[in-house]
>>> print(open('protein.txt').read())   # compact mmCIF, C-alpha atoms and all ligand atoms
# COMPACT_ATOMS: atom_id res chain seq x y z
CA MET N 1 45.92 -8.54 40.10
CA LEU N 2 44.41 -6.17 37.52
CA ASP N 3 41.92 -3.39 38.17
CA PHE N 4 38.44 -4.90 37.99
CA SER N 5 36.57 -1.90 39.43
CA LYS N 6 34.60 -1.96 36.18
CA LYS N 7 33.91 -4.62 33.54
CA ARG N 8 37.00 -5.31 31.44
CA PHE N 9 37.55 -6.72 27.96
CA PHE N 10 40.45 -9.06 27.23
CA LEU N 11 41.89 -10.11 23.90
CA ALA N 12 41.90 -13.94 23.87
CA PRO N 13 45.18 -15.68 23.17
CA MET N 14 45.09 -17.03 19.63
CA ALA N 15 48.10 -18.97 18.36
CA ASN N 16 49.43 -17.70 15.01
CA PHE N 17 47.49 -14.49 15.33
CA THR N 18 47.96 -12.66 18.60
CA ASN N 19 51.67 -12.05 18.16
CA ALA N 20 53.33 -9.05 19.82
CA ALA N 21 52.52 -6.71 16.89
CA CYS N 22 48.88 -7.61 17.12
CA ARG N 23 48.70 -7.35 20.92
CA ALA N 24 50.18 -3.84 20.86
CA ILE N 25 47.55 -2.70 18.34
CA PHE N 26 44.68 -4.24 20.30
CA LEU N 27 45.75 -2.58 23.54
CA GLU N 28 45.93 0.75 21.76
CA TYR N 29 42.43 0.14 20.38
CA GLY N 30 40.83 -0.51 23.76
CA ALA N 31 41.59 -4.05 24.93
CA ASP N 32 42.12 -3.89 28.70
CA ALA N 33 44.54 -6.82 28.77
CA VAL N 34 46.15 -9.26 26.36
CA VAL N 35 47.54 -12.77 26.67
CA SER N 36 50.32 -14.23 24.52
CA GLU N 37 49.89 -17.34 22.39
CA PHE N 38 50.46 -20.60 24.25
CA VAL N 39 53.98 -22.00 24.47
CA TYR N 40 54.96 -25.46 25.74
CA SER N 41 56.87 -25.37 29.04
CA ARG N 42 59.64 -27.55 27.57
CA ALA N 43 60.00 -25.17 24.62
CA VAL N 44 60.37 -22.25 27.06
CA LEU N 45 63.18 -24.08 28.81
CA SER N 46 64.92 -24.68 25.48
CA LYS N 47 65.33 -20.87 25.39
CA ALA N 48 65.36 -21.02 21.60
CA GLU N 49 65.14 -17.55 20.05
CA ARG N 50 62.00 -18.38 17.99
CA VAL N 51 60.27 -19.33 21.27
CA LEU N 52 61.49 -16.32 23.26
CA GLU N 53 60.25 -14.10 20.45
CA LYS N 54 56.69 -15.27 21.18
CA LEU N 55 57.04 -14.40 24.86
CA ARG N 56 58.57 -10.94 24.54
CA ILE N 57 56.38 -8.07 25.81
CA PRO N 58 57.09 -4.88 23.85
CA GLU N 59 57.18 -1.52 25.60
CA ASN N 60 53.71 -0.05 26.29
CA CYS N 61 52.15 -3.45 25.67
CA ARG N 62 50.61 -4.08 29.08
CA PRO N 63 48.73 -5.41 30.98
CA ALA N 64 49.98 -8.61 29.41
CA GLY N 65 49.89 -12.22 30.47
CA ILE N 66 52.17 -14.94 29.14
CA GLN N 67 50.52 -18.30 28.59
CA ILE N 68 52.21 -21.67 28.93
CA PHE N 69 51.02 -25.25 28.71
CA GLY N 70 52.47 -28.51 29.95
CA SER N 71 51.73 -31.50 32.11
CA ASP N 72 54.58 -31.65 34.58
CA PRO N 73 54.15 -29.32 37.59
CA SER N 74 57.91 -28.94 38.22
CA GLU N 75 58.71 -28.24 34.57
CA MET N 76 55.84 -25.74 34.41
CA ALA N 77 57.13 -24.01 37.54
CA GLU N 78 60.66 -23.83 36.13
CA ALA N 79 59.40 -22.40 32.84
CA ALA N 80 57.22 -19.88 34.71
CA GLN N 81 60.16 -18.77 36.86
CA PHE N 82 62.26 -18.17 33.77
CA ILE N 83 59.41 -16.16 32.23
CA GLU N 84 58.98 -14.09 35.39
CA GLU N 85 62.68 -13.34 35.56
CA VAL N 86 63.18 -12.44 31.91
CA PHE N 87 59.87 -10.93 30.78
CA SER N 88 58.10 -9.75 33.99
CA PRO N 89 54.57 -10.38 32.70
CA ASP N 90 51.63 -8.97 34.64
CA PHE N 91 50.37 -12.53 35.08
CA VAL N 92 51.33 -16.04 34.02
CA ASP N 93 48.44 -17.93 32.48
CA ILE N 94 48.16 -21.72 32.38
CA ASN N 95 46.36 -23.30 29.46
CA PHE N 96 43.86 -26.03 30.33
CA GLY N 97 41.73 -25.70 27.23
CA CYS N 98 43.67 -26.15 24.02
CA PRO N 99 42.24 -29.02 21.95
CA ALA N 100 45.13 -29.00 19.43
CA PRO N 101 46.96 -32.33 19.05
CA ASN N 102 50.34 -30.83 20.06
CA ALA N 103 48.89 -29.90 23.47
CA VAL N 104 46.71 -32.97 24.01
CA CYS N 105 49.46 -35.39 22.89
CA ALA N 106 51.79 -33.78 25.39
CA GLY N 107 49.23 -34.72 28.09
CA ALA N 108 48.44 -31.03 28.51
CA GLY N 109 45.95 -28.37 27.41
CA ALA N 110 42.39 -29.68 27.26
CA LEU N 111 43.45 -33.23 28.18
CA LEU N 112 43.96 -32.03 31.75
CA LEU N 113 40.23 -31.28 31.98
CA LYS N 114 40.04 -35.04 32.65
CA ASP N 115 42.44 -34.72 35.58
CA VAL N 116 41.47 -31.89 37.93
CA LYS N 117 43.93 -33.14 40.54
CA ARG N 118 46.81 -32.58 38.10
CA MET N 119 45.44 -29.16 37.12
CA CYS N 120 45.52 -28.18 40.80
CA GLN N 121 49.04 -29.56 41.29
CA ILE N 122 50.28 -27.47 38.37
CA VAL N 123 48.59 -24.27 39.58
CA LYS N 124 49.84 -24.83 43.14
CA LYS N 125 53.44 -25.51 42.12
CA VAL N 126 53.58 -22.60 39.68
CA SER N 127 51.89 -20.15 42.13
CA GLU N 128 54.26 -21.13 44.93
CA SER N 129 57.25 -20.54 42.65
CA LEU N 130 56.33 -17.01 41.55
CA LYS N 131 55.67 -13.54 42.90
CA THR N 132 53.65 -12.85 39.73
CA PRO N 133 49.94 -13.74 39.91
CA VAL N 134 48.95 -16.97 38.20
CA SER N 135 45.74 -17.42 36.22
CA ALA N 136 44.22 -20.42 34.47
CA LYS N 137 42.30 -20.59 31.21
CA MET N 138 39.98 -23.58 30.98
CA ARG N 139 36.93 -25.00 29.28
CA THR N 140 33.76 -26.27 30.98
CA GLY N 141 34.87 -29.91 30.64
CA TRP N 142 35.98 -32.56 28.16
CA ASP N 143 32.45 -33.23 26.87
CA LYS N 144 28.91 -32.52 27.95
CA SER N 145 28.77 -35.65 30.11
CA SER N 146 31.86 -34.58 32.07
CA ILE N 147 31.34 -30.94 33.01
CA ILE N 148 33.81 -29.94 35.75
CA VAL N 149 32.84 -26.36 36.57
CA PRO N 150 32.20 -24.72 38.93
CA ASP N 151 33.94 -27.24 41.25
CA ALA N 152 37.21 -27.46 39.28
CA ALA N 153 37.46 -23.66 39.09
CA VAL N 154 36.96 -23.41 42.87
CA ALA N 155 39.66 -26.07 43.36
CA LEU N 156 42.04 -24.01 41.16
CA GLU N 157 41.32 -20.92 43.25
CA GLN N 158 42.12 -22.93 46.39
CA SER N 159 45.36 -24.05 44.72
CA GLY N 160 46.50 -20.46 44.21
CA ALA N 161 44.95 -19.17 40.96
CA ARG N 162 44.25 -15.44 41.16
CA MET N 163 42.00 -15.28 38.10
CA ILE N 164 40.20 -17.81 35.91
CA ALA N 165 39.28 -17.40 32.25
CA LEU N 166 36.48 -19.81 31.37
CA HIS N 167 35.67 -20.68 27.75
CA GLY N 168 32.06 -21.86 27.97
CA ARG N 169 32.50 -24.73 25.50
CA THR N 170 33.73 -28.29 26.08
CA LYS N 171 36.83 -29.73 24.40
CA VAL N 172 34.61 -31.89 22.19
CA GLN N 173 32.69 -28.81 21.02
CA GLY N 174 35.96 -27.22 19.91
CA TYR N 175 34.94 -23.80 18.63
CA GLU N 176 31.46 -24.84 17.43
CA GLY N 177 28.03 -24.36 18.94
CA GLU N 178 26.89 -22.15 21.78
CA ALA N 179 29.08 -21.32 24.74
CA ASP N 180 27.23 -22.12 27.98
CA TRP N 181 26.96 -18.74 29.69
CA ASN N 182 24.78 -20.24 32.46
CA LEU N 183 27.75 -22.34 33.50
CA ILE N 184 30.05 -19.33 33.19
CA GLU N 185 27.79 -17.27 35.50
CA LYS N 186 27.45 -20.14 37.98
CA THR N 187 31.24 -20.43 38.10
CA ALA N 188 31.75 -16.68 38.51
CA LEU N 189 29.35 -16.74 41.48
CA ALA N 190 31.16 -19.68 43.07
CA LEU N 191 34.55 -17.92 42.98
CA SER N 192 35.98 -15.11 45.06
CA ILE N 193 38.63 -14.34 42.42
CA PRO N 194 37.75 -12.61 39.11
CA LEU N 195 36.28 -14.74 36.35
CA VAL N 196 36.81 -13.77 32.72
CA GLY N 197 33.93 -15.12 30.63
CA ASN N 198 34.76 -16.33 27.12
CA GLY N 199 32.85 -17.83 24.20
CA SER N 200 31.33 -15.57 21.51
CA ALA N 201 31.25 -12.80 24.13
CA GLU N 202 30.67 -10.24 21.36
CA ARG N 203 27.03 -11.43 21.23
CA LEU N 204 26.28 -10.39 24.81
CA GLY N 205 23.91 -7.47 25.25
CA ALA N 206 24.60 -4.46 27.47
CA ASP N 207 22.05 -5.54 30.13
CA TYR N 208 23.56 -8.99 30.32
CA MET N 209 27.08 -7.64 30.69
CA HIS N 210 26.05 -5.17 33.40
CA LYS N 211 24.30 -7.86 35.46
CA SER N 212 26.91 -10.57 34.84
CA ALA N 213 28.93 -11.97 37.72
CA CYS N 214 31.96 -11.99 35.37
CA SER N 215 34.61 -9.36 36.06
CA ALA N 216 35.67 -9.31 32.43
CA PHE N 217 34.87 -10.71 29.00
CA MET N 218 37.40 -12.23 26.64
CA VAL N 219 36.99 -11.85 22.88
CA GLY N 220 38.54 -14.33 20.46
CA ARG N 221 37.58 -14.86 16.82
CA ALA N 222 35.42 -11.73 16.61
CA ALA N 223 38.61 -9.74 17.17
CA LEU N 224 40.52 -11.31 14.26
CA GLY N 225 41.29 -8.44 11.91
CA ASN N 226 38.98 -6.28 13.99
CA PRO N 227 40.69 -4.25 16.74
CA TRP N 228 37.68 -1.88 16.68
CA ILE N 229 35.62 -4.53 18.48
CA PHE N 230 36.84 -3.34 21.88
CA ARG N 231 35.65 0.24 21.39
CA GLN N 232 32.37 -1.14 20.04
CA LEU N 233 31.82 -3.40 23.05
CA LYS N 234 32.72 -0.65 25.51
CA ALA N 235 30.35 1.75 23.78
CA ARG N 236 27.65 -0.94 23.88
CA LEU N 237 28.20 -1.41 27.60
CA GLU N 238 28.28 2.29 28.37
CA ASN N 239 25.60 3.75 26.10
CA GLY N 240 24.46 1.29 23.44
CA ALA N 241 26.14 3.35 20.69
CA GLU N 242 28.65 0.95 19.23
CA ARG N 243 28.12 1.85 15.56
CA CYS N 244 30.07 5.08 15.95
CA PHE N 245 33.19 2.90 15.92
CA GLU N 246 32.52 1.31 12.52
CA PRO N 247 35.84 1.49 10.59
CA SER N 248 35.94 3.05 7.12
CA ALA N 249 37.71 1.44 4.14
CA ARG N 250 40.60 3.84 4.79
CA ASP N 251 40.79 2.79 8.47
CA ARG N 252 40.91 -0.85 7.40
CA ALA N 253 43.55 -0.32 4.74
CA ALA N 254 45.71 1.76 7.10
CA MET N 255 45.38 -0.89 9.80
CA ALA N 256 46.29 -3.68 7.37
CA LEU N 257 49.44 -1.82 6.34
CA ARG N 258 50.36 -0.93 9.90
CA TYR N 259 50.01 -4.53 10.94
CA ALA N 260 52.08 -5.79 8.00
CA LYS N 261 54.85 -3.28 8.77
CA ALA N 262 54.87 -4.25 12.42
CA MET N 263 55.12 -7.91 11.43
CA ALA N 264 58.13 -7.09 9.29
CA GLY N 265 59.83 -5.43 12.25
CA GLY N 266 58.82 -1.93 11.28
CA GLY N 267 60.85 -1.89 8.08
CA TYR N 268 60.68 -3.11 4.53
CA GLN N 269 63.77 -5.29 4.76
CA ASN N 270 63.97 -8.60 6.62
CA ILE N 271 60.91 -9.97 4.95
CA SER N 272 61.12 -13.61 4.05
CA PRO N 273 58.87 -15.43 1.53
CA GLN N 274 57.27 -17.35 4.45
CA ASN N 275 56.66 -14.13 6.30
CA ILE N 276 54.94 -12.50 3.34
CA LYS N 277 52.56 -15.50 3.03
CA PHE N 278 51.68 -15.15 6.71
CA ILE N 279 51.24 -11.41 6.36
CA GLN N 280 48.95 -11.87 3.33
CA THR N 281 46.62 -14.12 5.35
CA GLN N 282 46.55 -11.73 8.27
CA VAL N 283 46.05 -8.66 6.11
CA MET N 284 43.12 -10.39 4.43
CA ARG N 285 41.42 -10.54 7.83
CA PHE N 286 41.51 -6.74 8.21
CA LEU N 287 39.74 -6.38 4.87
CA LYS N 288 37.24 -9.24 5.14
CA ASN N 289 33.50 -8.50 5.13
CA ALA N 290 34.24 -4.94 4.08
CA SER N 291 32.91 -3.59 0.81
CA GLY N 292 35.19 -2.10 -1.85
CA PHE N 293 38.09 -4.53 -1.42
CA LYS N 294 37.06 -7.21 -3.93
CA LYS N 295 39.74 -6.39 -6.53
CA LEU N 296 42.34 -5.86 -3.86
CA ARG N 297 41.57 -9.22 -2.24
CA THR N 298 42.24 -10.94 -5.59
CA ASN N 299 45.46 -8.99 -6.17
CA LEU N 300 46.70 -9.63 -2.65
CA LYS N 301 47.67 -13.16 -3.69
CA ASN N 302 50.36 -11.73 -5.99
CA VAL N 303 51.98 -9.53 -3.38
CA LYS N 304 55.69 -10.35 -3.02
CA SER N 305 56.86 -7.55 -0.75
CA LEU N 306 55.63 -4.91 1.62
CA SER N 307 56.11 -2.26 -1.06
CA ASP N 308 53.75 -4.25 -3.33
CA LEU N 309 51.23 -4.32 -0.50
CA GLU N 310 51.54 -0.60 0.13
CA GLY N 311 51.08 -0.02 -3.61
CA LEU N 312 47.86 -2.02 -3.56
CA LEU N 313 46.51 -0.32 -0.47
CA CYS N 314 47.50 3.22 -1.45
CA GLU N 315 44.31 3.94 -3.35
CA TYR N 316 42.42 3.65 -0.04
CA LEU N 317 44.90 5.59 2.09
C1 LIG N 401 43.18 -19.55 15.82
C2 LIG N 401 42.95 -19.74 17.28
C3 LIG N 401 44.04 -19.94 18.12
C4 LIG N 401 43.86 -20.10 19.50
N1 LIG N 401 44.96 -20.22 20.31
C5 LIG N 401 44.80 -20.28 21.66
C6 LIG N 401 45.92 -20.28 22.54
O1 LIG N 401 47.09 -20.20 22.13
N2 LIG N 401 45.67 -20.34 23.88
C7 LIG N 401 44.38 -20.42 24.39
O2 LIG N 401 44.21 -20.47 25.61
N3 LIG N 401 43.32 -20.41 23.57
C8 LIG N 401 43.49 -20.33 22.24
N4 LIG N 401 42.40 -20.24 21.43
C9 LIG N 401 41.04 -20.18 22.03
C10 LIG N 401 40.62 -18.71 22.24
O3 LIG N 401 41.46 -18.08 23.17
C11 LIG N 401 39.16 -18.64 22.76
O4 LIG N 401 39.08 -19.31 23.98
C12 LIG N 401 38.17 -19.27 21.77
O5 LIG N 401 38.40 -18.85 20.45
C13 LIG N 401 36.72 -18.94 22.19
O6 LIG N 401 36.48 -17.56 22.12
P1 LIG N 401 35.60 -16.92 20.91
O7 LIG N 401 34.30 -17.68 20.86
O8 LIG N 401 35.45 -15.48 21.31
O9 LIG N 401 36.38 -17.13 19.66
C14 LIG N 401 42.55 -20.11 20.05
C15 LIG N 401 41.46 -19.92 19.20
C16 LIG N 401 41.65 -19.75 17.84
C17 LIG N 401 40.44 -19.54 16.96
>>> encode(input="protein.txt", output="structure tokens", more="lines below")
Ligand SMILES: Cc1cc2nc3c(=O)[nH]c(=O)nc-3n(C[C@H](O)[C@H](O)[C@H](O)COP(=O)(O)O)c2cc1C
Amino acid sequence: MLDFSKKRFFLAPMANFTNAACRAIFLEYGADAVVSEFVYSRAVLSKAERVLEKLRIPENCRPAGIQIFGSDPSEMAEAAQFIEEVFSPDFVDINFGCPAPNAVCAGAGALLLKDVKRMCQIVKKVSESLKTPVSAKMRTGWDKSSIIVPDAAVALEQSGARMIALHGRTKVQGYEGEADWNLIEKTALALSIPLVGNGSAERLGADYMHKSACSAFMVGRAALGNPWIFRQLKARLENGAERCFEPSARDRAAMALRYAKAMAGGGYQNISPQNIKFIQTQVMRFLKNASGFKKLRTNLKNVKSLSDLEGLLCEYL
């Protein structure tokens, strides 16, 4: 489905962060593929503008997958068909890992880790309804006493999945503790389709990545506010020289402003009070852990418009 002739690095889908503006930047900065934030199949079928906005793939923003979640195979297939027709993603990704109450209460996301039969029915129905390749993103199991990989991943392949992304933590672990890379490797070896390994992948060494049975690695939280991570990881894989991609204060400030502008639709108008709050939080991520921004971080709270933000950042630009 994608070119896996060498190891690839994916940006993980992260709701409320990996919006279209962010995905475009990450692709430009070296991510090999991106996946949109999860959207409920029923919400897709509502065709509400605020939902469609999340699914839209801007020009030059590929390879891109669109991720959906749900529990009903027919509804999922209908939503996927609509997505294929309107947005032509490079792949449609099905979420079997989200622990958030809105997914679990809908009988979907990570709850389906308890029902592999239903996971397979969803993948089969969606795959049979599309020309576009279908992938699945899953966790290792609900908890450590109910690990379902590699068998469940093999069953998804047999049901039509063309790629699996495996987060090496259980639902109960959430985002805490170590990801189980032994289970990820075991699963990659059991599959004939590509496996994308996920779970603090930024900690993997070059030797490990070279020898891994994974076709790609997916980076989540380490990429928040840090698009440079992809160049760093590629440099680590190729020649162990990742530090040459350490961003300067100017790089960070310019990136923060670029991101904020993209979030505001490229202009200084159309910026609502809610939007500026959201932008403040995101901009903070680009400046976190970097020296020299202490005063700016305090002043950021008082920013009311993009021009205010530009004013604050200009001393670094
Ligand atoms: C804020 C946030 C939002 C997330 N949203 C999604 C989502 O919409 N779909 C999904 O499959 N995973 C989602 N995830 C999980 C990530 O894609 C990834 O699997 C997880 O963070 C583990 O990777 P990491 O250890 O590199 O962070 C989210 C994670 C975070 C932290």
>>> axis_aligned_box(input="protein.txt", around="ligand LIG 401 (chain N)", padding_each_side="4 Å", output="AutoDock Vina command-line options")
--center_x 40.7 --center_y -18.0 --center_z 20.7 --size_x 20.8 --size_y 13.0 --size_z 17.8
>>> closest_residue(input="protein.txt", among="N:Asp72, N:Asp143, N:Asp180, N:Asp32", to="Lys124 of chain N", atoms="all atoms listed in the file")
N:Asp72
>>> closest_residue(input="protein.txt", among="N:Glu75, N:Glu37, N:Glu128, N:Glu185", to="ligand LIG 401 (chain N)", atoms="only C-alpha atoms and all ligand atoms")
N:Glu37
>>> closest_atom_pairs(input="protein.txt", of="segment 148-253 of chain N", to="segment 109-122 of chain N", cutoff="9 Å", atoms="only C-alpha atoms", output="JSON lines")
{"residue": "N:Ile148", "atom": "CA", "partner": "N:Leu113", "partner_atom": "CA", "distance": 7.6}
{"residue": "N:Ala152", "atom": "CA", "partner": "N:Val116", "partner_atom": "CA", "distance": 6.3}
{"residue": "N:Ala155", "atom": "CA", "partner": "N:Cys120", "partner_atom": "CA", "distance": 6.7}
{"residue": "N:Leu156", "atom": "CA", "partner": "N:Cys120", "partner_atom": "CA", "distance": 5.4}
{"residue": "N:Glu157", "atom": "CA", "partner": "N:Cys120", "partner_atom": "CA", "distance": 8.7}
{"residue": "N:Gln158", "atom": "CA", "partner": "N:Cys120", "partner_atom": "CA", "distance": 8.4}
{"residue": "N:Ser159", "atom": "CA", "partner": "N:Cys120", "partner_atom": "CA", "distance": 5.7}
{"residue": "N:Gly160", "atom": "CA", "partner": "N:Cys120", "partner_atom": "CA", "distance": 8.5}
{"residue": "N:Thr170", "atom": "CA", "partner": "N:Ala110", "partner_atom": "CA", "distance": 8.8}
{"residue": "N:Lys171", "atom": "CA", "partner": "N:Ala110", "partner_atom": "CA", "distance": 6.3}
>>> atom_distance(input="protein.txt", atom1="atom O5 of ligand LIG 401 (chain N)", atom2="atom CA of Met14 of chain N")
7.0 Å
>>> closest_atom_pairs(input="protein.txt", of="chain N", to="ligand LIG 401 (chain N)", cutoff="7 Å", atoms="only C-alpha atoms and all ligand atoms", output="CSV")
residue,atom,partner,partner_atom,distance
N:Ala12,CA,N:LIG401,O3,4.2
N:Pro13,CA,N:LIG401,O3,4.4
N:Met14,CA,N:LIG401,N1,3.3
N:Ala15,CA,N:LIG401,N1,3.9
N:Asn16,CA,N:LIG401,C1,6.6
N:Phe17,CA,N:LIG401,C1,6.7
N:Glu37,CA,N:LIG401,O1,4.0
N:Phe38,CA,N:LIG401,O1,4.0
N:Asn95,CA,N:LIG401,O2,5.2
N:Gly97,CA,N:LIG401,O2,6.0
N:Cys98,CA,N:LIG401,N3,5.8
N:Lys137,CA,N:LIG401,O2,5.9
N:His167,CA,N:LIG401,O4,5.3
N:Tyr175,CA,N:LIG401,C13,6.3
N:Asn198,CA,N:LIG401,O6,5.4
N:Gly199,CA,N:LIG401,O7,3.6
N:Ser200,CA,N:LIG401,O7,3.7
N:Ala201,CA,N:LIG401,O8,5.7
N:Met218,CA,N:LIG401,O8,6.5
N:Val219,CA,N:LIG401,O8,4.2
N:Gly220,CA,N:LIG401,O8,3.4
N:Arg221,CA,N:LIG401,O9,3.8
N:Ala222,CA,N:LIG401,O8,6.0
>>> atom_distance(input="protein.txt", atom1="atom CA of Cys314 of chain N", atom2="atom CA of Cys22 of chain N")
21.5 Å
>>> closest_atom_pairs(input="protein.txt", of="segment 187-267 of chain N", to="segment 280-302 of chain N", cutoff="6 Å", atoms="only C-alpha atoms", output="tab-separated table")
residue	atom	partner	partner_atom	distance
N:Gly225	CA	N:Phe286	CA	4.1
N:Arg252	CA	N:Phe286	CA	6.0
N:Ala256	CA	N:Val283	CA	5.1
>>> closest_residue(input="protein.txt", among="N:Ala106, N:Cys244, N:Val134, N:Leu11", to="Glu202 of chain N", atoms="all atoms listed in the file")
N:Leu11
>>> closest_residue(input="protein.txt", among="N:Arg62, N:Arg162, N:Arg231, N:Lys7", to="Ser135 of chain N", atoms="only C-alpha atoms")
N:Arg162
>>> closest_residue(input="protein.txt", among="N:Asp251, N:Gln173, N:Leu309, N:Pro58", to="Lys277 of chain N", atoms="all atoms listed in the file")
N:Leu309
>>> atom_distance(input="protein.txt", atom1="atom CA of Arg23 of chain N", atom2="atom CA of Leu313 of chain N")
22.6 Å
>>> closest_residue(input="protein.txt", among="N:Met1, N:Ala108, N:Ala190, N:Leu45", to="Phe82 of chain N", atoms="only C-alpha atoms")
N:Leu45
>>> build_atoms(input="protein.txt", residues="segment 283-302 of chain N", atoms="N, CA and C atoms", output="compact mmCIF listing (two decimals), keeping the file's coordinate frame")
# COMPACT_ATOMS: atom_id res chain seq x y z
N VAL N 283 46.56 -9.91 6.69
CA VAL N 283 46.05 -8.66 6.11
C VAL N 283 44.64 -8.88 5.56
N MET N 284 44.43 -10.05 4.97
CA MET N 284 43.12 -10.39 4.43
C MET N 284 42.05 -10.26 5.51
N ARG N 285 42.41 -10.61 6.74
CA ARG N 285 41.42 -10.54 7.83
C ARG N 285 40.95 -9.10 8.08
N PHE N 286 41.88 -8.14 7.96
CA PHE N 286 41.51 -6.74 8.21
C PHE N 286 40.55 -6.21 7.15
N LEU N 287 40.56 -6.88 5.98
CA LEU N 287 39.74 -6.38 4.87
C LEU N 287 38.48 -7.21 4.65
N LYS N 288 38.37 -8.32 5.40
CA LYS N 288 37.24 -9.24 5.14
C LYS N 288 35.91 -8.57 5.51
N ASN N 289 34.86 -9.01 4.88
CA ASN N 289 33.50 -8.50 5.13
C ASN N 289 33.35 -7.00 4.92
N ALA N 290 34.36 -6.38 4.31
CA ALA N 290 34.24 -4.94 4.08
C ALA N 290 34.03 -4.73 2.58
N SER N 291 33.17 -3.79 2.23
CA SER N 291 32.91 -3.59 0.81
C SER N 291 34.05 -2.80 0.18
N GLY N 292 34.21 -2.92 -1.14
CA GLY N 292 35.19 -2.10 -1.85
C GLY N 292 36.56 -2.74 -1.98
N PHE N 293 36.76 -3.93 -1.40
CA PHE N 293 38.09 -4.53 -1.42
C PHE N 293 38.18 -5.75 -2.34
N LYS N 294 37.11 -5.95 -3.17
CA LYS N 294 37.06 -7.21 -3.93
C LYS N 294 38.30 -7.38 -4.83
N LYS N 295 38.61 -6.31 -5.60
CA LYS N 295 39.74 -6.39 -6.53
C LYS N 295 41.04 -6.56 -5.74
N LEU N 296 41.12 -5.81 -4.66
CA LEU N 296 42.34 -5.86 -3.86
C LEU N 296 42.55 -7.27 -3.28
N ARG N 297 41.45 -7.87 -2.82
CA ARG N 297 41.57 -9.22 -2.24
C ARG N 297 42.13 -10.20 -3.28
N THR N 298 41.72 -10.06 -4.54
CA THR N 298 42.24 -10.94 -5.59
C THR N 298 43.73 -10.64 -5.82
N ASN N 299 44.07 -9.37 -5.89
CA ASN N 299 45.46 -8.99 -6.17
C ASN N 299 46.42 -9.30 -5.03
N LEU N 300 45.87 -9.39 -3.84
CA LEU N 300 46.70 -9.63 -2.65
C LEU N 300 47.54 -10.91 -2.79
N LYS N 301 46.97 -11.87 -3.52
CA LYS N 301 47.67 -13.16 -3.69
C LYS N 301 49.02 -12.99 -4.41
N ASN N 302 49.12 -11.92 -5.22
CA ASN N 302 50.36 -11.73 -5.99
C ASN N 302 51.40 -10.85 -5.30
